[in-house]
>>> print(open('query-v4.txt').read())   # compact mmCIF, C-alpha atoms
# COMPACT_ATOMS: atom_id res chain seq x y z
CA MET A 136 116.14 92.74 76.79
CA THR A 137 114.02 95.62 78.04
CA LEU A 138 110.43 96.67 78.36
CA ALA A 139 111.15 99.79 76.28
CA THR A 140 112.41 97.66 73.37
CA ALA A 141 109.37 95.39 73.60
CA LEU A 142 107.03 98.38 73.56
CA LYS A 143 108.80 99.82 70.51
CA THR A 144 109.00 96.60 68.50
CA GLY A 145 105.99 94.71 69.75
CA ASP A 146 108.25 91.70 70.35
CA LEU A 147 107.37 89.94 73.60
CA THR A 148 110.62 87.97 73.49
CA GLN A 149 112.41 91.22 74.37
CA LEU A 150 110.89 91.10 77.84
CA PRO A 151 113.11 89.74 80.62
CA SER A 152 112.04 86.43 82.13
CA ARG A 153 112.81 84.21 85.10
CA ARG A 154 115.51 82.57 82.98
CA ASP A 155 117.50 85.77 83.38
CA GLU A 156 119.19 85.42 86.77
CA ASP A 157 118.82 89.11 87.66
CA TRP A 158 115.10 89.01 86.80
CA ARG A 159 114.09 85.65 88.21
CA TRP A 160 111.85 87.24 90.87
CA THR A 161 110.43 89.92 88.54
CA ASP A 162 109.37 87.89 85.52
CA LEU A 163 107.76 90.07 82.86
CA ARG A 164 107.56 87.61 79.97
CA GLY A 165 105.45 85.21 82.00
CA LEU A 166 103.09 88.01 83.02
CA VAL A 167 102.58 90.07 79.86
CA ARG A 168 100.70 88.09 77.22
CA GLN A 169 99.93 91.01 74.95
CA LEU A 170 101.56 94.41 74.72
CA PRO A 171 99.16 97.36 75.03
CA PRO A 172 98.81 100.15 72.46
CA ALA A 173 101.10 103.15 72.73
CA SER A 174 100.05 105.75 75.25
CA PRO A 175 98.48 108.80 73.60
CA ALA A 176 99.54 112.36 74.14
CA PHE A 177 97.83 113.70 77.23
CA ASP A 178 97.30 117.43 77.48
CA GLY A 179 95.00 117.53 80.48
CA GLU A 180 95.89 118.64 83.98
CA VAL A 181 97.84 116.15 86.07
CA GLY A 182 97.67 118.05 89.34
CA PRO A 183 100.47 118.67 91.81
CA GLY A 184 103.24 116.20 92.51
CA PRO A 185 104.30 114.87 95.91
CA PHE A 186 107.17 117.36 96.15
CA ASP A 187 105.08 120.34 95.06
CA GLY A 188 106.45 123.60 96.44
CA LEU A 189 109.91 122.26 97.30
CA ALA A 190 111.67 122.71 93.96
CA ALA A 191 112.79 125.78 92.07
CA ALA A 192 111.69 124.20 88.81
CA ALA A 193 110.07 121.02 87.48
CA ILE A 194 110.66 118.66 84.59
CA LEU A 195 107.44 116.87 83.66
CA PHE A 196 106.84 113.76 81.56
CA VAL A 197 103.29 112.56 80.92
CA ASN A 198 102.74 109.22 79.18
CA GLY A 199 106.40 109.14 78.23
CA ARG A 200 106.39 112.58 76.58
CA GLN A 201 108.24 115.55 78.01
CA ARG A 202 105.84 118.40 78.55
CA HIS A 203 108.19 121.02 79.96
CA ALA A 204 111.74 121.25 81.29
CA ALA A 205 113.45 123.19 84.03
CA ALA A 206 114.91 126.47 82.87
CA SER A 207 118.67 126.80 82.81
CA GLY A 208 120.03 128.06 86.11
CA ALA A 209 116.71 127.35 87.84
CA GLY A 210 118.37 126.38 91.10
CA ASP A 211 119.85 123.42 92.88
CA VAL A 212 116.51 121.74 93.74
CA VAL A 213 114.63 120.27 90.77
CA ALA A 214 111.47 118.14 90.64
CA LEU A 215 111.46 115.39 88.00
CA ARG A 216 107.98 113.92 87.48
CA PHE A 217 106.89 110.92 85.42
CA VAL A 218 103.09 110.65 85.23
CA SER A 219 101.19 107.73 83.69
CA ALA A 220 97.75 109.08 82.90
CA THR A 221 96.02 106.70 80.45
CA GLU A 222 94.57 103.29 81.19
CA ALA A 223 95.94 100.09 79.58
CA THR A 224 98.58 101.73 77.38
CA GLY A 225 102.36 101.59 77.25
CA HIS A 226 105.12 104.20 77.08
CA ALA A 227 108.84 104.72 77.62
CA ALA A 228 110.86 107.79 78.55
CA ALA A 229 114.55 108.59 78.77
CA TYR A 230 116.29 111.58 80.32
CA ALA A 231 119.90 112.58 80.91
CA ILE A 232 121.26 114.88 83.61
CA VAL A 233 124.76 116.35 83.77
CA VAL A 234 125.82 117.84 87.08
CA GLU A 235 128.71 120.24 86.64
CA PRO A 236 131.85 119.94 88.79
CA ASP A 237 131.68 121.45 92.28
CA THR A 238 127.92 122.08 92.13
CA THR A 239 125.00 120.72 94.14
CA LEU A 240 121.74 119.18 92.96
CA VAL A 241 118.77 117.85 94.91
CA LEU A 242 116.64 115.77 92.53
CA LEU A 243 113.08 115.20 93.77
CA GLU A 244 111.86 112.44 91.49
CA SER A 245 108.35 111.00 91.43
CA HIS A 246 106.60 108.30 89.43
CA GLU A 247 102.85 108.79 89.59
CA GLY A 248 100.19 106.37 88.40
CA ARG A 249 96.87 108.03 87.59
CA ALA A 250 95.21 105.13 85.72
CA PRO A 251 95.22 101.32 85.90
CA GLY A 252 96.90 98.81 83.63
CA TYR A 253 99.70 100.90 82.11
CA LEU A 254 103.20 99.74 81.19
CA SER A 255 105.96 102.28 81.82
CA ASP A 256 109.70 102.16 81.27
CA VAL A 257 111.89 105.07 82.42
CA THR A 258 115.64 105.30 81.86
CA LEU A 259 117.83 107.95 83.47
CA ASP A 260 121.49 108.75 82.91
CA ILE A 261 123.08 110.94 85.58
CA ALA A 262 126.68 112.14 85.27
CA VAL A 263 128.05 113.70 88.44
CA GLY A 264 131.06 115.94 87.89
CA GLU A 265 134.22 116.10 89.96
CA GLY A 266 133.54 117.36 93.47
CA ALA A 267 129.80 117.70 92.77
CA ARG A 268 127.13 116.57 95.23
CA VAL A 269 123.77 115.02 94.33
CA GLU A 270 120.89 113.84 96.50
CA ARG A 271 118.22 111.90 94.62
CA ILE A 272 114.96 111.18 96.42
CA VAL A 273 112.62 108.89 94.47
CA LEU A 274 108.98 108.41 95.44
CA VAL A 275 107.16 105.76 93.40
CA ASP A 276 103.36 105.62 93.69
CA ASP A 277 102.22 103.33 90.91
CA HIS A 278 98.71 102.04 90.39
CA ALA A 279 98.21 98.54 91.82
CA GLU A 280 97.61 97.14 88.31
CA ALA A 281 100.60 98.82 86.64
CA ILE A 282 103.88 97.46 85.34
CA ASP A 283 106.71 99.93 85.86
CA ILE A 284 110.46 99.68 85.27
CA VAL A 285 112.78 102.51 86.36
CA THR A 286 116.48 102.24 85.57
CA ALA A 287 119.15 104.79 86.48
CA GLU A 288 122.79 104.69 85.36
CA ILE A 289 125.02 106.87 87.55
CA ASP A 290 128.53 107.89 86.46
CA LEU A 291 130.63 109.50 89.18
CA ALA A 292 133.76 111.59 88.75
CA PRO A 293 136.53 111.67 91.40
CA GLY A 294 135.52 113.35 94.64
CA ALA A 295 131.80 113.30 93.77
CA THR A 296 129.05 112.44 96.26
CA PHE A 297 125.82 110.67 95.30
CA ASN A 298 123.12 110.02 97.91
CA GLN A 299 119.88 108.27 96.99
CA THR A 300 116.68 107.24 98.76
CA VAL A 301 113.98 105.23 96.97
CA LEU A 302 110.53 104.80 98.53
CA THR A 303 107.89 102.66 96.88
CA SER A 304 104.51 101.06 97.46
CA GLY A 305 104.90 98.59 94.59
CA ALA A 306 102.68 97.68 91.64
CA ARG A 307 101.52 94.56 89.80
CA ARG A 308 105.15 94.29 88.72
CA GLN A 309 107.73 96.92 89.54
CA ARG A 310 111.50 97.14 89.34
CA ILE A 311 113.60 100.12 90.39
CA GLU A 312 117.20 99.54 89.38
CA THR A 313 120.24 101.73 90.06
CA ARG A 314 123.67 101.11 88.57
CA VAL A 315 126.59 103.17 89.82
CA ASN A 316 129.99 103.41 88.14
CA HIS A 317 132.20 104.31 91.10
CA PRO A 318 135.67 105.68 90.33
CA GLY A 319 137.02 105.40 93.87
CA ALA A 320 139.15 108.55 94.16
CA HIS A 321 137.39 109.70 97.37
CA ALA A 322 133.95 109.58 95.74
CA ARG A 323 131.13 108.59 98.11
CA VAL A 324 127.84 106.81 97.51
CA ARG A 325 124.83 106.22 99.75
CA LEU A 326 122.05 104.05 98.33
CA ASP A 327 118.99 103.71 100.58
CA GLY A 328 115.56 102.29 99.95
CA ALA A 329 112.25 101.46 101.60
CA TYR A 330 109.31 99.45 100.33
CA VAL A 331 105.91 99.28 102.03
CA LEU A 332 103.73 96.70 100.28
CA ASP A 333 100.26 95.28 100.80
CA HIS A 334 97.56 93.33 98.92
CA GLN A 335 99.26 91.69 95.91
CA ARG A 336 101.76 94.42 95.13
CA HIS A 337 105.31 93.61 94.02
CA ALA A 338 108.43 95.75 94.30
CA ASP A 339 111.97 94.90 93.20
CA GLN A 340 114.82 97.17 94.29
CA THR A 341 118.00 96.18 92.48
CA THR A 342 121.35 97.96 92.76
CA VAL A 343 124.78 97.37 91.28
CA VAL A 344 127.77 99.44 92.39
CA THR A 345 131.07 98.83 90.57
CA HIS A 346 134.17 100.21 92.28
CA GLY A 347 136.85 100.78 89.68
CA GLY A 348 139.51 102.70 91.61
CA VAL A 349 141.24 103.20 94.93
CA ASP A 350 139.64 104.91 97.96
CA GLY A 351 135.92 104.70 97.30
CA VAL A 352 133.07 104.54 99.82
CA THR A 353 129.63 102.95 99.41
CA GLU A 354 127.01 102.71 102.15
CA GLN A 355 123.66 101.06 101.59
CA LEU A 356 120.55 100.51 103.73
CA THR A 357 117.24 99.10 102.49
CA LYS A 358 114.24 98.28 104.66
CA GLY A 359 110.98 96.67 103.64
CA VAL A 360 107.55 95.84 105.03
CA VAL A 361 105.28 93.34 103.28
CA ASP A 362 101.71 92.41 104.21
CA ASP A 363 98.82 90.36 102.76
CA GLN A 364 100.09 88.59 99.61
CA ALA A 365 102.70 91.20 98.66
CA ARG A 366 106.20 90.36 97.48
CA GLY A 367 109.36 92.36 98.08
CA VAL A 368 112.60 91.78 96.21
CA PHE A 369 116.01 93.16 97.09
CA GLN A 370 119.09 92.51 94.96
CA GLY A 371 122.23 94.42 95.90
CA ARG A 372 125.57 93.78 94.26
CA ILE A 373 128.82 95.56 95.06
CA VAL A 374 131.73 94.76 92.77
CA VAL A 375 135.28 95.71 93.76
CA GLN A 376 137.42 95.53 90.65
CA PRO A 377 141.11 94.56 90.60
CA GLY A 378 143.15 97.52 91.82
CA ALA A 379 140.26 99.14 93.71
CA ASP A 380 142.14 98.86 96.99
CA GLN A 381 141.02 100.61 100.18
CA THR A 382 137.39 100.38 99.14
CA ASP A 383 134.95 100.76 102.05
CA ALA A 384 131.60 99.21 101.10
CA ARG A 385 128.78 98.18 103.43
CA MET A 386 125.29 96.94 102.59
CA GLY A 387 122.30 96.12 104.77
CA HIS A 388 118.82 94.84 103.91
CA HIS A 389 116.19 94.23 106.59
CA ALA A 390 112.54 93.30 106.09
CA LEU A 391 109.42 92.71 108.15
CA ILE A 392 106.85 90.16 107.03
CA LEU A 393 103.42 90.91 108.50
CA SER A 394 101.46 88.08 106.88
CA ASP A 395 101.94 84.34 106.42
CA ARG A 396 101.24 84.78 102.71
CA ALA A 397 103.67 87.63 102.09
CA GLU A 398 107.13 86.98 100.64
CA VAL A 399 110.55 88.62 100.59
CA ASP A 400 113.38 87.50 98.30
CA ALA A 401 116.80 88.96 99.03
CA LYS A 402 120.15 88.52 97.35
CA PRO A 403 122.97 90.72 98.71
CA GLU A 404 126.30 90.12 96.96
CA LEU A 405 129.89 91.25 97.39
CA LEU A 406 132.25 90.44 94.52
CA ILE A 407 135.75 91.40 95.62
CA PHE A 408 138.77 91.20 93.34
CA ALA A 409 141.10 93.52 95.27
CA ASP A 410 143.11 93.43 98.47
CA ASP A 411 143.07 95.79 101.44
CA VAL A 412 139.30 96.45 101.45
CA ALA A 413 136.67 96.80 104.17
CA CYS A 414 133.45 95.26 102.87
CA ALA A 415 130.45 93.73 104.63
CA HIS A 416 126.79 92.96 104.09
CA GLY A 417 123.89 91.97 106.30
CA ASN A 418 120.41 90.62 105.61
CA THR A 419 117.56 89.93 108.06
CA ILE A 420 113.93 88.98 107.48
CA GLY A 421 111.55 88.59 110.40
CA ALA A 422 108.41 89.70 112.19
CA LEU A 423 107.57 92.42 114.69
CA ASP A 424 108.77 91.97 118.25
CA GLU A 425 105.82 90.35 120.06
CA GLU A 426 107.31 91.22 123.46
CA ALA A 427 107.36 94.93 122.57
CA ILE A 428 103.76 94.64 121.37
CA PHE A 429 102.75 92.97 124.63
CA TYR A 430 104.29 95.66 126.83
CA ALA A 431 102.75 98.46 124.77
CA ARG A 432 99.32 96.84 125.03
CA GLN A 433 99.78 96.64 128.79
CA ARG A 434 100.01 100.42 128.71
CA GLY A 435 96.63 100.66 127.04
CA ILE A 436 97.72 101.17 123.41
CA PRO A 437 95.55 99.21 120.93
CA GLU A 438 97.40 96.38 119.17
CA ALA A 439 96.85 97.76 115.67
CA GLU A 440 98.28 101.12 116.74
CA VAL A 441 101.29 99.44 118.35
CA ARG A 442 102.07 97.45 115.24
CA ALA A 443 101.80 100.55 113.06
CA MET A 444 104.07 102.52 115.41
CA LEU A 445 106.75 99.81 115.46
CA THR A 446 106.61 99.41 111.70
CA GLU A 447 106.86 103.15 111.13
CA ALA A 448 109.90 103.34 113.41
CA PHE A 449 111.49 100.44 111.54
CA VAL A 450 111.16 102.16 108.14
CA GLY A 451 111.93 105.54 109.69
CA GLU A 452 115.63 104.75 109.94
CA VAL A 453 115.82 105.07 106.15
CA VAL A 454 113.69 108.22 106.07
CA GLU A 455 115.81 109.98 108.68
CA ARG A 456 118.91 109.65 106.49
CA ILE A 457 117.37 111.97 103.86
CA GLU A 458 119.29 115.23 104.08
CA HIS A 459 116.81 117.62 102.43
CA ASP A 460 114.41 118.76 105.16
CA GLY A 461 111.34 119.18 102.97
CA ALA A 462 111.82 115.87 101.17
CA ARG A 463 112.37 114.11 104.49
CA ALA A 464 109.06 115.49 105.78
CA VAL A 465 107.26 114.34 102.61
CA ALA A 466 108.81 110.88 102.93
CA ALA A 467 107.82 110.58 106.59
CA ALA A 468 104.23 111.57 105.80
CA TRP A 469 104.14 109.09 102.91
CA VAL A 470 105.28 106.23 105.16
CA ALA A 471 102.73 107.17 107.83
CA GLN A 472 99.96 107.25 105.23
CA ARG A 473 100.93 103.85 103.81
CA LEU A 474 100.83 102.40 107.32
CA GLY A 475 97.48 103.99 108.15
CA ARG A 476 98.89 106.54 110.57
CA ALA A 477 98.27 109.72 108.59
CA GLN A 478 97.06 112.57 110.74
>>> encode(input="query-v4.txt", output="structure tokens")
Amino acid sequence: MTLATALKTGDLTQLPSRRDEDWRWTDLRGLVRQLPPASPAFDGEVGPGPFDGLAAAAILFVNGRQRHAAASGAGDVVALRFVSATEATGHAAAYAIVVEPDTTLVLLESHEGRAPGYLSDVTLDIAVGEGARVERIVLVDDHAEAIDIVTAEIDLAPGATFNQTVLTSGARRQRIETRVNHPGAHARVRLDGAYVLDHQRHADQTTVVTHGGVDGVTEQLTKGVVDDQARGVFQGRIVVQPGADQTDARMGHHALILSDRAEVDAKPELLIFADDVACAHGNTIGALDEEAIFYARQRGIPEAEVRAMLTEAFVGEVVERIEHDGARAVAAAWVAQRLGRAQ
């Protein structure tokens, strides 16, 4: 059951619902009563993306249609943009990336909402060759009234490295899902995420990493901030298959709730079917440190500024793990802007 299938067939029963365990906090069937018309072709200007100037080439989709693609051999930094430009319409897009063995790719991916009320479904398939290295930075800026589903399937070869950071401000309903097929064999994965939500926005970050072989590493850190009536969802599952001995897998999710009406739902899972592994997960949900706020106010800093500074530092731990300098600067500025600290 997927949004893309529902958009294609017009069948609302294809939408996932709260009866589906993995979708119980991101119910689409209970929300969508009527599917919108298909998004039209859009030939107008969409303006620059958030990573403008950082990539050697760009791949652009507008309303689910690919407008242009990166030229072959364009470089190891590529911008991948998905723009939703038409109000109250629906579209789906799919794209596949093959990273050759012993090469490097920095993928600067953005999902940009330019109109209210759209439904978008994006599916990515990324195959990372033996010894290759990929860093995927995903910045999702949907319209507050949008419904957006982004799903990535990652297939790693032995010795590959895949690092990912997802940053999102949510939508009416939003789910960003990453599934990693991990071969072990000295391959390494880092899956990070940050969500900064206010008003009635919703963001669901779901990950599944399946270790299928010996000697694999997965490290995961997600941090969230929710205010007003926003809702954050984190679902992280690491599966260690029989025979995947000497797996090293660690997952952490930590969230701040800044309002009595905000909500965070978290479900970290470790499913271990092998011996001789080092696996752990942690999950914390709380509020800002009132003692730190008190001492900062004693030094003459306004309370609102103190809270913004502490929140920015909290999320900043995720941002600082981004390896690409330019993308890290963009991410830091995005977080500051979302927290009202833009210069």
>>> closest_residue(input="query-v4.txt", among="A:Ala329, A:Leu445, A:Ala231, A:Val167", to="A:Ile194", atoms="all atoms listed in the file")
A:Ala231
>>> closest_residue(input="query-v4.txt", among="A:Asp256, A:Asp283, A:Asp350, A:Asp333", to="A:Leu474", atoms="only C-alpha atoms")
A:Asp333
>>> residues_around(input="query-v4.txt", residues="A:Ala365", least_positions_apart="3", cutoff="6 Å", atoms="all atoms listed in the file", output="PyMOL selection string")
chain A and resi 332-337+361-362+397
>>> residues_near_point(input="query-v4.txt", point="(104.3, 114.6, 80.0)", cutoff="10 Å", atoms="all atoms listed in the file", output="PyMOL selection string")
chain A and resi 176-179+181+194-203+216-220+228
>>> closest_residue(input="query-v4.txt", among="A:His246, A:His346, A:His416, A:His321", to="A:His278", atoms="all atoms listed in the file")
A:His246
>>> atom_distance(input="query-v4.txt", atom1="atom CA of A:Asp460", atom2="atom CA of A:Leu302")
15.9 Å
>>> atom_distance(input="query-v4.txt", atom1="atom CA of A:Val343", atom2="atom CA of A:Ile289")
10.2 Å
>>> residues_near_point(input="query-v4.txt", point="(116.6, 118.5, 99.0)", cutoff="12 Å", atoms="all atoms listed in the file", output="PDB file with C-alpha atoms, keeping the file's coordinate frame")
ATOM      1  CA  PHE A 186     107.170 117.360  96.150  1.00  0.00           C
ATOM      2  CA  GLY A 188     106.450 123.600  96.440  1.00  0.00           C
ATOM      3  CA  LEU A 189     109.910 122.260  97.300  1.00  0.00           C
ATOM      4  CA  ALA A 190     111.670 122.710  93.960  1.00  0.00           C
ATOM      5  CA  ALA A 191     112.790 125.780  92.070  1.00  0.00           C
ATOM      6  CA  GLY A 210     118.370 126.380  91.100  1.00  0.00           C
ATOM      7  CA  ASP A 211     119.850 123.420  92.880  1.00  0.00           C
ATOM      8  CA  VAL A 212     116.510 121.740  93.740  1.00  0.00           C
ATOM      9  CA  VAL A 213     114.630 120.270  90.770  1.00  0.00           C
ATOM     10  CA  ALA A 214     111.470 118.140  90.640  1.00  0.00           C
ATOM     11  CA  THR A 239     125.000 120.720  94.140  1.00  0.00           C
ATOM     12  CA  LEU A 240     121.740 119.180  92.960  1.00  0.00           C
ATOM     13  CA  VAL A 241     118.770 117.850  94.910  1.00  0.00           C
ATOM     14  CA  LEU A 242     116.640 115.770  92.530  1.00  0.00           C
ATOM     15  CA  LEU A 243     113.080 115.200  93.770  1.00  0.00           C
ATOM     16  CA  GLU A 244     111.860 112.440  91.490  1.00  0.00           C
ATOM     17  CA  ARG A 268     127.130 116.570  95.230  1.00  0.00           C
ATOM     18  CA  VAL A 269     123.770 115.020  94.330  1.00  0.00           C
ATOM     19  CA  GLU A 270     120.890 113.840  96.500  1.00  0.00           C
ATOM     20  CA  ARG A 271     118.220 111.900  94.620  1.00  0.00           C
ATOM     21  CA  ILE A 272     114.960 111.180  96.420  1.00  0.00           C
ATOM     22  CA  VAL A 273     112.620 108.890  94.470  1.00  0.00           C
ATOM     23  CA  ASN A 298     123.120 110.020  97.910  1.00  0.00           C
ATOM     24  CA  GLN A 299     119.880 108.270  96.990  1.00  0.00           C
ATOM     25  CA  THR A 300     116.680 107.240  98.760  1.00  0.00           C
ATOM     26  CA  ARG A 456     118.910 109.650 106.490  1.00  0.00           C
ATOM     27  CA  ILE A 457     117.370 111.970 103.860  1.00  0.00           C
ATOM     28  CA  GLU A 458     119.290 115.230 104.080  1.00  0.00           C
ATOM     29  CA  HIS A 459     116.810 117.620 102.430  1.00  0.00           C
ATOM     30  CA  ASP A 460     114.410 118.760 105.160  1.00  0.00           C
ATOM     31  CA  GLY A 461     111.340 119.180 102.970  1.00  0.00           C
ATOM     32  CA  ALA A 462     111.820 115.870 101.170  1.00  0.00           C
ATOM     33  CA  ARG A 463     112.370 114.110 104.490  1.00  0.00           C
ATOM     34  CA  ALA A 464     109.060 115.490 105.780  1.00  0.00           C
ATOM     35  CA  VAL A 465     107.260 114.340 102.610  1.00  0.00           C
ATOM     36  CA  ALA A 466     108.810 110.880 102.930  1.00  0.00           C
TER      37      ALA A 466
END
>>> closest_residue(input="query-v4.txt", among="A:Val344, A:Val368, A:Ile261, A:Ala139", to="A:Ala401", atoms="all atoms listed in the file")
A:Val368
>>> closest_residue(input="query-v4.txt", among="A:Val301, A:Val352, A:Val360, A:Ala173", to="A:Ile420", atoms="all atoms listed in the file")
A:Val360
>>> closest_residue(input="query-v4.txt", among="A:Gln309, A:Asn418, A:Gln381, A:Gln169", to="A:Gly145", atoms="all atoms listed in the file")
A:Gln169
>>> residues_around(input="query-v4.txt", residues="A:Asp237", least_positions_apart="4", cutoff="8 Å", atoms="only C-alpha atoms", output="PyMOL selection string")
chain A and resi 264-268
>>> atom_distance(input="query-v4.txt", atom1="atom CA of A:Ala379", atom2="atom CA of A:Thr238")
26.1 Å
>>> axis_aligned_box(input="query-v4.txt", around="stretch 351-367 of chain A", padding_each_side="3 Å", output="JSON")
{"center_x": 117.4, "center_y": 96.6, "center_z": 101.2, "size_x": 43.1, "size_y": 22.1, "size_z": 13.7}
>>> residues_around(input="query-v4.txt", residues="stretch 406-411 of chain A", least_positions_apart="6", cutoff="9 Å", atoms="all atoms listed in the file", output="ChimeraX atom specification")
/A:372-382
>>> residues_around(input="query-v4.txt", residues="A:Glu354", least_positions_apart="6", cutoff="9 Å", atoms="all atoms listed in the file", output="ChimeraX atom specification")
/A:323-327,383-387
>>> residues_around(input="query-v4.txt", residues="A:Pro151", least_positions_apart="5", cutoff="8 Å", atoms="only C-alpha atoms", output="short mmCIF file (atom, residue, chain, number, x, y, z; two decimals) with C-alpha atoms, keeping the file's coordinate frame")
data_model
loop_
_atom_site.label_atom_id
_atom_site.label_comp_id
_atom_site.auth_asym_id
_atom_site.auth_seq_id
_atom_site.Cartn_x
_atom_site.Cartn_y
_atom_site.Cartn_z
CA MET A 136 116.14 92.74 76.79
CA THR A 137 114.02 95.62 78.04
CA LEU A 138 110.43 96.67 78.36
CA TRP A 158 115.10 89.01 86.80
CA ASP A 162 109.37 87.89 85.52
CA LEU A 163 107.76 90.07 82.86
CA ARG A 164 107.56 87.61 79.97
#
